[in-house]
file work_33.txt (compact mmCIF, C-alpha atoms)
# COMPACT_ATOMS: atom_id res chain seq x y z
CA MET A 1480 2.84 -36.19 2.41
CA ILE A 1481 1.05 -33.23 0.80
CA THR A 1482 3.64 -31.11 -1.01
CA TYR A 1483 3.96 -27.39 -1.63
CA GLU A 1484 3.60 -27.98 -5.37
CA GLU A 1485 0.29 -29.79 -4.83
CA ILE A 1486 -0.97 -26.86 -2.75
CA ARG A 1487 0.23 -24.33 -5.30
CA LYS A 1488 -1.56 -26.11 -8.16
CA ASN A 1489 -4.82 -26.70 -6.28
CA GLU A 1490 -7.53 -24.75 -8.09
CA ASP A 1491 -9.73 -24.29 -5.01
CA ILE A 1492 -6.83 -22.77 -3.09
CA ARG A 1493 -5.96 -20.51 -6.00
CA THR A 1494 -9.57 -19.31 -6.05
CA TYR A 1495 -9.44 -18.48 -2.34
CA ILE A 1496 -6.17 -16.57 -2.71
CA GLN A 1497 -7.43 -14.61 -5.70
CA SER A 1498 -10.77 -13.82 -4.05
CA ALA A 1499 -9.05 -12.74 -0.82
CA ASP A 1500 -6.82 -10.39 -2.78
CA GLU A 1501 -9.79 -8.96 -4.64
CA ALA A 1502 -11.45 -8.22 -1.30
CA LEU A 1503 -8.34 -6.36 -0.15
CA ALA A 1504 -8.14 -4.49 -3.44
CA ALA A 1505 -11.68 -3.24 -2.87
CA LEU A 1506 -10.52 -1.91 0.51
CA GLY A 1507 -7.50 -0.17 -1.02
CA PHE A 1508 -4.83 -2.52 0.34
CA THR A 1509 -1.57 -3.43 -1.37
CA GLU A 1510 -1.17 -6.67 -3.34
CA HIS A 1511 -1.66 -9.88 -1.35
CA SER A 1512 -2.07 -12.29 -4.26
CA PHE A 1513 0.13 -14.93 -5.87
CA ALA A 1514 3.20 -12.70 -6.13
CA HIS A 1515 3.10 -12.04 -2.39
CA VAL A 1516 2.43 -15.58 -1.16
CA THR A 1517 4.99 -17.05 -3.56
CA LYS A 1518 7.68 -14.60 -2.45
CA VAL A 1519 6.87 -15.30 1.20
CA ALA A 1520 7.11 -19.05 0.53
CA GLU A 1521 10.49 -18.61 -1.14
CA SER A 1522 11.75 -16.52 1.78
CA VAL A 1523 10.54 -19.12 4.27
CA LYS A 1524 12.42 -21.75 2.28
CA TYR A 1525 15.59 -19.61 2.35
CA ILE A 1526 15.35 -19.04 6.11
CA LEU A 1527 14.69 -22.65 7.09
CA GLU A 1528 17.15 -24.21 4.62
CA THR A 1529 19.90 -21.78 5.61
CA LEU A 1530 19.44 -22.66 9.27
CA GLY A 1531 19.55 -26.38 8.53
CA PHE A 1532 15.95 -27.39 9.14
CA SER A 1533 14.73 -30.63 7.61
CA ALA A 1534 13.24 -30.86 4.13
CA HIS A 1535 9.95 -31.76 5.79
CA ALA A 1536 9.98 -28.58 7.90
CA VAL A 1537 10.81 -26.52 4.81
CA GLU A 1538 7.86 -28.05 2.95
CA LEU A 1539 5.48 -27.28 5.84
CA GLY A 1540 6.80 -23.74 6.04
CA MET A 1541 6.24 -23.12 2.33
CA ILE A 1542 2.70 -24.49 2.55
CA ALA A 1543 1.94 -22.24 5.52
CA ALA A 1544 3.34 -19.28 3.59
CA TYR A 1545 1.25 -19.98 0.50
CA LEU A 1546 -1.94 -20.26 2.57
CA HIS A 1547 -1.24 -17.57 5.17
CA ASP A 1548 -3.43 -14.78 3.75
CA ILE A 1549 -6.55 -16.69 2.64
CA GLY A 1550 -8.38 -15.42 5.74
CA ASN A 1551 -8.67 -12.03 4.06
CA LEU A 1552 -11.48 -13.63 2.07
CA VAL A 1553 -13.56 -13.58 5.27
CA ASN A 1554 -12.45 -10.20 6.60
CA ARG A 1555 -9.24 -8.26 7.04
CA ALA A 1556 -9.84 -8.12 10.78
CA GLU A 1557 -8.42 -11.22 12.49
CA HIS A 1558 -7.58 -12.69 9.08
CA SER A 1559 -4.81 -14.84 10.54
CA GLN A 1560 -7.27 -16.75 12.73
CA SER A 1561 -9.91 -17.17 10.04
CA GLY A 1562 -7.18 -18.18 7.60
CA ALA A 1563 -5.97 -20.82 10.04
CA VAL A 1564 -9.46 -22.29 10.26
CA MET A 1565 -9.78 -22.31 6.47
CA ALA A 1566 -6.36 -23.95 6.12
CA PHE A 1567 -7.35 -26.63 8.66
CA ARG A 1568 -10.42 -27.55 6.61
CA ILE A 1569 -8.49 -27.60 3.32
CA LEU A 1570 -5.59 -29.70 4.62
CA ASP A 1571 -7.80 -32.07 6.61
CA LYS A 1572 -9.86 -32.69 3.49
CA MET A 1573 -6.61 -33.50 1.66
CA ASP A 1574 -5.78 -36.09 4.36
CA MET A 1575 -2.66 -34.35 5.61
CA PRO A 1576 -1.37 -35.87 8.89
CA ALA A 1577 -2.72 -34.16 11.99
CA ALA A 1578 0.75 -33.20 13.29
CA ASP A 1579 1.56 -31.38 10.04
CA ILE A 1580 -1.80 -29.61 10.00
CA ALA A 1581 -1.25 -28.49 13.59
CA THR A 1582 2.13 -26.97 12.73
CA ILE A 1583 0.80 -25.13 9.68
CA VAL A 1584 -2.38 -23.88 11.34
CA ALA A 1585 -0.41 -22.58 14.33
CA ALA A 1586 1.92 -20.68 12.02
CA ILE A 1587 -0.89 -19.10 9.98
CA GLY A 1588 -2.87 -18.19 13.09
CA ASN A 1589 0.13 -16.37 14.55
CA HIS A 1590 1.61 -14.48 11.60
CA ASP A 1591 -0.10 -11.11 12.16
CA GLU A 1592 1.53 -8.48 14.36
CA GLY A 1593 -1.72 -7.69 16.16
CA THR A 1594 -2.03 -11.05 17.90
CA GLY A 1595 0.82 -13.20 16.58
CA VAL A 1596 3.41 -15.09 18.58
CA PRO A 1597 6.23 -17.21 17.07
CA VAL A 1598 4.93 -20.41 18.64
CA ASN A 1599 7.15 -22.67 16.54
CA ALA A 1600 9.97 -22.42 14.01
CA ILE A 1601 7.56 -22.46 11.07
CA ALA A 1602 5.59 -19.57 12.55
CA ALA A 1603 8.81 -17.64 13.19
CA ALA A 1604 10.01 -18.10 9.61
CA LEU A 1605 6.59 -17.11 8.25
CA ILE A 1606 6.53 -13.92 10.33
CA LEU A 1607 9.97 -12.86 9.09
CA ALA A 1608 9.22 -13.73 5.47
CA ASP A 1609 5.82 -12.01 5.45
CA LYS A 1610 6.95 -8.78 7.07
CA SER A 1611 10.00 -8.52 4.82
CA ASP A 1612 8.00 -8.45 1.57
CA VAL A 1613 8.23 -4.72 0.93
CA ARG A 1614 8.40 -3.67 -2.73
CA ARG A 1615 7.10 -1.14 -5.21
CA SER A 1616 5.16 -3.71 -7.24
CA ARG A 1617 2.77 -4.33 -4.34
CA VAL A 1618 1.25 -0.86 -4.76
CA ARG A 1619 -1.97 -0.85 -6.80
CA ASN A 1620 -2.94 2.80 -6.50
CA PRO A 1621 -1.94 4.54 -9.77
CA GLU A 1622 -2.32 8.03 -8.27
CA LYS A 1623 0.78 8.93 -6.27
CA LYS A 1624 -0.95 11.99 -4.85
CA THR A 1625 -3.46 9.80 -3.04
CA PHE A 1626 -0.98 7.27 -1.63
CA ASP A 1627 -1.68 6.22 1.95
CA ILE A 1628 1.21 5.34 4.27
CA HIS A 1629 1.32 1.69 3.14
CA ASP A 1630 1.50 2.79 -0.50
CA ARG A 1631 4.27 5.27 0.29
CA VAL A 1632 6.33 2.77 2.25
CA ASN A 1633 6.12 0.06 -0.41
CA TYR A 1634 6.55 2.38 -3.39
CA SER A 1635 9.64 3.95 -1.85
CA VAL A 1636 11.53 0.65 -1.81
CA GLU A 1637 13.84 0.36 -4.78
CA LYS A 1638 15.54 -2.83 -3.59
CA SER A 1639 15.14 -5.23 -0.67
CA LEU A 1640 17.20 -8.18 0.53
CA LEU A 1641 16.58 -10.61 3.38
CA LYS A 1642 19.90 -12.05 4.51
CA ILE A 1643 21.19 -14.39 7.21
CA ASN A 1644 24.86 -13.93 8.11
CA ARG A 1645 27.49 -16.66 7.78
CA GLU A 1646 27.51 -17.38 11.51
CA HIS A 1647 23.72 -17.77 11.53
CA SER A 1648 23.58 -15.27 14.38
CA LEU A 1649 21.86 -12.39 12.59
CA ILE A 1650 19.05 -11.97 10.09
CA LYS A 1651 18.60 -8.59 8.48
CA LEU A 1652 16.37 -6.86 5.95
CA LYS A 1653 18.33 -4.42 3.81
CA LEU A 1654 16.24 -1.78 2.05
CA SER A 1655 17.17 0.83 -0.55
CA VAL A 1656 14.65 3.64 -0.03
CA ASP A 1657 13.75 6.59 -2.24
CA THR A 1658 12.57 9.18 0.30
CA HIS A 1659 10.94 11.21 -2.47
CA TYR A 1660 7.76 9.16 -2.00
CA GLY A 1661 7.87 8.54 1.74
CA SER A 1662 9.79 9.68 4.78
CA VAL A 1663 11.93 7.56 7.05
CA MET A 1664 9.38 8.26 9.79
CA ASP A 1665 6.77 6.41 7.70
CA TYR A 1666 8.90 3.31 8.07
CA PHE A 1667 9.13 3.65 11.84
CA GLU A 1668 5.36 4.11 12.03
CA ILE A 1669 4.63 1.05 9.87
CA PHE A 1670 7.45 -1.23 10.95
CA LEU A 1671 7.87 -0.68 14.69
CA GLU A 1672 5.18 -3.13 15.82
CA ARG A 1673 6.13 -5.56 13.06
CA MET A 1674 9.82 -5.44 13.93
CA VAL A 1675 9.09 -6.20 17.59
CA LEU A 1676 7.33 -9.36 16.42
CA CYS A 1677 10.15 -10.10 13.95
CA ARG A 1678 12.74 -9.80 16.72
CA LYS A 1679 10.81 -12.39 18.75
CA ALA A 1680 10.62 -14.59 15.65
CA ALA A 1681 14.37 -14.31 15.05
CA GLU A 1682 15.05 -15.16 18.70
CA LYS A 1683 12.78 -18.22 18.39
CA LEU A 1684 14.64 -19.42 15.30
CA GLY A 1685 17.97 -18.76 16.99
CA LEU A 1686 16.94 -20.91 19.94
CA GLN A 1687 15.73 -23.71 17.64
CA PHE A 1688 18.99 -23.52 15.68
CA LYS A 1689 21.07 -23.86 18.86
CA LEU A 1690 18.98 -26.84 19.96
CA MET A 1691 19.55 -28.56 16.61
CA ILE A 1692 23.31 -27.94 16.83
CA ASN A 1693 23.43 -29.33 20.37
CA GLU A 1694 21.45 -32.43 19.34
CA GLN A 1695 23.79 -33.05 16.40
CA SER A 1696 26.85 -32.76 18.67
CA LEU A 1697 25.44 -35.48 20.93
CA ILE A 1698 25.02 -37.97 18.09
call {"tool": "encode", "arguments": {"input": "work_33.txt", "output": "structure tokens"}}
result
Amino acid sequence: MITYEEIRKNEDIRTYIQSADEALAALGFTEHSFAHVTKVAESVKYILETLGFSAHAVELGMIAAYLHDIGNLVNRAEHSQSGAVMAFRILDKMDMPAADIATIVAAIGNHDEGTGVPVNAIAAALILADKSDVRRSRVRNPEKKTFDIHDRVNYSVEKSLLKINREHSLIKLKLSVDTHYGSVMDYFEIFLERMVLCRKAAEKLGLQFKLMINEQSLI
């Protein structure tokens, strides 16, 4: 099996991630480089491990998270779909089993709020992890006076925490926000569409979790 560590150390993949982030930087977007994809991978691992998914599922989820934004190299528009195609070629060339490629490609192709659907547990975890990465260090613009809404929303976050409750019935993103740099309304404007998708993702994971519990009770 291809591992997350192999993907993370692959120089071609690192080049694609860096180049994709440079393209977004030229467009004025927040950071989407190694800090982002690594944090998303770690959050995917937390979500799937906490809910009791297999080590294999966790590994696939982390790989999907690390590769999820490479499509920005092609264009920001529909980057999830182009990223999925790129990931297919990379993983197929590395001789990953077809079933694993299918799971990862489906997750990457469905992580964006514009067209995404939590088609499987890996996709659901990726959506939640990606949309919860809100932090000041993602802002590249040094001039606060020229912040756009994405800069304001990220820069305003002093602390963030993604947490699943003990009963595994609720997942929440807790944010400490300094409203000096952005208003609460900025968050509603940015997050509303994303949170609708995240709710669907959480419901998908909840259903998968219940199915796993029921299967274990039958053994």
call {"tool": "closest_residue", "arguments": {"input": "work_33.txt", "among": "A:Gly1562, A:Gly1540, A:Gly1507, A:Gly1595", "to": "Asp1579 (chain A)", "atoms": "only C-alpha atoms"}}
result
A:Gly1540
call {"tool": "atom_distance", "arguments": {"input": "work_33.txt", "atom1": "CA of Val1596 (chain A)", "atom2": "CA of His1647 (chain A)"}}
result
21.7 Å
call {"tool": "residues_around", "arguments": {"input": "work_33.txt", "residues": "region 1624-1633 of chain A", "least_positions_apart": "2", "cutoff": "6 Å", "atoms": "all atoms listed in the file", "output": "ChimeraX atom specification"}}
result
/A:1613-1615,1618,1622,1635-1636,1660-1661
call {"tool": "atom_distance", "arguments": {"input": "work_33.txt", "atom1": "CA of Thr1658 (chain A)", "atom2": "CA of Glu1510 (chain A)"}}
result
21.3 Å
call {"tool": "residues_around", "arguments": {"input": "work_33.txt", "residues": "Val1519 (chain A)", "least_positions_apart": "3", "cutoff": "7 Å", "atoms": "only C-alpha atoms", "output": "PyMOL selection string"}}
result
chain A and resi 1515-1516+1522-1523+1544+1608-1609+1612
call {"tool": "closest_atom_pairs", "arguments": {"input": "work_33.txt", "of": "region 1511-1606 of chain A", "to": "region 1674-1685 of chain A", "cutoff": "9 Å", "atoms": "all atoms listed in the file", "output": "JSON lines"}}
result
{"residue": "A:Leu1527", "atom": "CA", "partner": "A:Leu1684", "partner_atom": "CA", "distance": 8.8}
{"residue": "A:Leu1530", "atom": "CA", "partner": "A:Leu1684", "partner_atom": "CA", "distance": 8.4}
{"residue": "A:Asp1591", "atom": "CA", "partner": "A:Leu1676", "partner_atom": "CA", "distance": 8.7}
{"residue": "A:Glu1592", "atom": "CA", "partner": "A:Leu1676", "partner_atom": "CA", "distance": 6.2}
{"residue": "A:Gly1595", "atom": "CA", "partner": "A:Leu1676", "partner_atom": "CA", "distance": 7.6}
{"residue": "A:Val1596", "atom": "CA", "partner": "A:Leu1676", "partner_atom": "CA", "distance": 7.3}
{"residue": "A:Pro1597", "atom": "CA", "partner": "A:Ala1680", "partner_atom": "CA", "distance": 5.3}
{"residue": "A:Val1598", "atom": "CA", "partner": "A:Lys1683", "partner_atom": "CA", "distance": 8.2}
{"residue": "A:Asn1599", "atom": "CA", "partner": "A:Lys1683", "partner_atom": "CA", "distance": 7.4}
{"residue": "A:Ala1600", "atom": "CA", "partner": "A:Leu1684", "partner_atom": "CA", "distance": 5.7}
{"residue": "A:Ile1601", "atom": "CA", "partner": "A:Leu1684", "partner_atom": "CA", "distance": 8.8}
{"residue": "A:Ala1602", "atom": "CA", "partner": "A:Ala1680", "partner_atom": "CA", "distance": 7.7}
{"residue": "A:Ala1603", "atom": "CA", "partner": "A:Ala1680", "partner_atom": "CA", "distance": 4.3}
{"residue": "A:Ala1604", "atom": "CA", "partner": "A:Ala1680", "partner_atom": "CA", "distance": 7.0}
{"residue": "A:Leu1605", "atom": "CA", "partner": "A:Ala1680", "partner_atom": "CA", "distance": 8.8}
{"residue": "A:Ile1606", "atom": "CA", "partner": "A:Cys1677", "partner_atom": "CA", "distance": 6.4}
call {"tool": "closest_residue", "arguments": {"input": "work_33.txt", "among": "A:Ala1543, A:Pro1621, A:Ile1669, A:Leu1607", "to": "Leu1652 (chain A)", "atoms": "all atoms listed in the file"}}
result
A:Leu1607
call {"tool": "closest_residue", "arguments": {"input": "work_33.txt", "among": "A:Phe1567, A:Phe1532, A:Phe1670, A:Tyr1545", "to": "Met1691 (chain A)", "atoms": "only C-alpha atoms"}}
result
A:Phe1532
call {"tool": "atom_distance", "arguments": {"input": "work_33.txt", "atom1": "CA of Asn1489 (chain A)", "atom2": "CA of Thr1594 (chain A)"}}
result
28.9 Å
call {"tool": "closest_residue", "arguments": {"input": "work_33.txt", "among": "A:Asn1551, A:Gly1531, A:Leu1539, A:Ile1643", "to": "Gln1687 (chain A)", "atoms": "only C-alpha atoms"}}
result
A:Gly1531
call {"tool": "closest_residue", "arguments": {"input": "work_33.txt", "among": "A:Ile1481, A:Ser1662, A:Arg1555, A:Gln1497", "to": "Lys1572 (chain A)", "atoms": "all atoms listed in the file"}}
result
A:Ile1481
call {"tool": "closest_residue", "arguments": {"input": "work_33.txt", "among": "A:Ala1504, A:Ile1549, A:Ile1526, A:Ala1514", "to": "Ala1563 (chain A)", "atoms": "all atoms listed in the file"}}
result
A:Ile1549
call {"tool": "residues_around", "arguments": {"input": "work_33.txt", "residues": "Ala1566 (chain A)", "least_positions_apart": "4", "cutoff": "10 Å", "atoms": "only C-alpha atoms", "output": "list in words"}}
result
Ile1492, Ile1542, Ala1543, Leu1546, His1547, Asp1548, Ile1549, Gly1550, Gln1560, Ser1561, Gly1562, Leu1570, Asp1571, Lys1572, Ile1580, Ile1583, Val1584, Ile1587 and Gly1588 of chain A
call {"tool": "decode", "arguments": {"input": "work_33.txt", "residues": "region 1522-1555 of chain A", "atoms": "N, CA and C atoms", "output": "tab-separated table (two decimals), in the first residue's frame"}}
result
chain	number	residue	atom	x	y	z
A	1522	SER	N	-6.15	16.86	10.64
A	1522	SER	CA	-7.54	16.94	11.08
A	1522	SER	C	-8.35	15.76	10.57
A	1523	VAL	N	-8.09	15.34	9.33
A	1523	VAL	CA	-8.74	14.14	8.80
A	1523	VAL	C	-8.39	12.93	9.66
A	1524	LYS	N	-7.13	12.82	10.01
A	1524	LYS	CA	-6.70	11.71	10.87
A	1524	LYS	C	-7.45	11.75	12.21
A	1525	TYR	N	-7.56	12.92	12.81
A	1525	TYR	CA	-8.27	13.06	14.09
A	1525	TYR	C	-9.73	12.62	13.95
A	1526	ILE	N	-10.40	13.09	12.90
A	1526	ILE	CA	-11.81	12.78	12.71
A	1526	ILE	C	-12.02	11.28	12.53
A	1527	LEU	N	-11.28	10.68	11.62
A	1527	LEU	CA	-11.49	9.27	11.30
A	1527	LEU	C	-11.05	8.34	12.44
A	1528	GLU	N	-9.93	8.65	13.08
A	1528	GLU	CA	-9.48	7.83	14.21
A	1528	GLU	C	-10.45	7.92	15.37
A	1529	THR	N	-10.93	9.14	15.65
A	1529	THR	CA	-11.85	9.33	16.78
A	1529	THR	C	-13.14	8.54	16.58
A	1530	LEU	N	-13.59	8.45	15.33
A	1530	LEU	CA	-14.83	7.75	15.03
A	1530	LEU	C	-14.61	6.25	14.80
A	1531	GLY	N	-13.38	5.79	14.94
A	1531	GLY	CA	-13.11	4.36	14.89
A	1531	GLY	C	-12.94	3.76	13.52
A	1532	PHE	N	-12.62	4.57	12.53
A	1532	PHE	CA	-12.37	4.02	11.19
A	1532	PHE	C	-11.04	3.28	11.18
A	1533	SER	N	-10.90	2.40	10.22
A	1533	SER	CA	-9.70	1.56	10.14
A	1533	SER	C	-8.46	2.37	9.83
A	1534	ALA	N	-7.30	1.79	10.15
A	1534	ALA	CA	-6.03	2.45	9.85
A	1534	ALA	C	-5.88	2.69	8.35
A	1535	HIS	N	-6.42	1.78	7.56
A	1535	HIS	CA	-6.36	1.92	6.11
A	1535	HIS	C	-7.18	3.13	5.66
A	1536	ALA	N	-8.37	3.30	6.20
A	1536	ALA	CA	-9.21	4.45	5.86
A	1536	ALA	C	-8.54	5.75	6.28
A	1537	VAL	N	-7.91	5.74	7.44
A	1537	VAL	CA	-7.20	6.94	7.91
A	1537	VAL	C	-6.08	7.31	6.94
A	1538	GLU	N	-5.34	6.30	6.50
A	1538	GLU	CA	-4.23	6.54	5.57
A	1538	GLU	C	-4.75	7.13	4.25
A	1539	LEU	N	-5.84	6.59	3.73
A	1539	LEU	CA	-6.42	7.11	2.49
A	1539	LEU	C	-6.91	8.54	2.69
A	1540	GLY	N	-7.50	8.81	3.83
A	1540	GLY	CA	-7.99	10.15	4.12
A	1540	GLY	C	-6.86	11.17	4.18
A	1541	MET	N	-5.75	10.80	4.79
A	1541	MET	CA	-4.62	11.71	4.89
A	1541	MET	C	-3.98	11.97	3.52
A	1542	ILE	N	-3.95	10.93	2.69
A	1542	ILE	CA	-3.42	11.10	1.34
A	1542	ILE	C	-4.31	12.04	0.54
A	1543	ALA	N	-5.63	11.84	0.63
A	1543	ALA	CA	-6.57	12.73	-0.06
A	1543	ALA	C	-6.40	14.16	0.42
A	1544	ALA	N	-6.21	14.34	1.71
A	1544	ALA	CA	-6.04	15.68	2.27
A	1544	ALA	C	-4.77	16.35	1.76
A	1545	TYR	N	-3.69	15.58	1.67
A	1545	TYR	CA	-2.42	16.17	1.23
A	1545	TYR	C	-2.47	16.57	-0.24
A	1546	LEU	N	-3.26	15.85	-1.03
A	1546	LEU	CA	-3.33	16.11	-2.47
A	1546	LEU	C	-4.50	17.02	-2.86
A	1547	HIS	N	-5.38	17.36	-1.93
A	1547	HIS	CA	-6.68	17.91	-2.32
A	1547	HIS	C	-6.63	19.23	-3.06
A	1548	ASP	N	-5.58	20.02	-2.91
A	1548	ASP	CA	-5.56	21.35	-3.54
A	1548	ASP	C	-4.62	21.47	-4.73
A	1549	ILE	N	-4.07	20.36	-5.23
A	1549	ILE	CA	-3.12	20.46	-6.34
A	1549	ILE	C	-3.78	20.96	-7.62
A	1550	GLY	N	-5.10	20.85	-7.72
A	1550	GLY	CA	-5.80	21.33	-8.91
A	1550	GLY	C	-5.71	22.83	-9.10
A	1551	ASN	N	-5.34	23.56	-8.05
A	1551	ASN	CA	-5.15	25.00	-8.19
A	1551	ASN	C	-4.00	25.33	-9.13
A	1552	LEU	N	-3.14	24.36	-9.39
A	1552	LEU	CA	-2.08	24.53	-10.37
A	1552	LEU	C	-2.66	24.78	-11.76
A	1553	VAL	N	-3.78	24.15	-12.06
A	1553	VAL	CA	-4.44	24.29	-13.36
A	1553	VAL	C	-5.23	25.59	-13.41
A	1554	ASN	N	-6.11	25.76	-12.42
A	1554	ASN	CA	-6.94	26.96	-12.33
A	1554	ASN	C	-7.71	26.88	-11.03
A	1555	ARG	N	-8.00	28.02	-10.43
A	1555	ARG	CA	-8.79	28.02	-9.21
A	1555	ARG	C	-10.21	27.52	-9.48
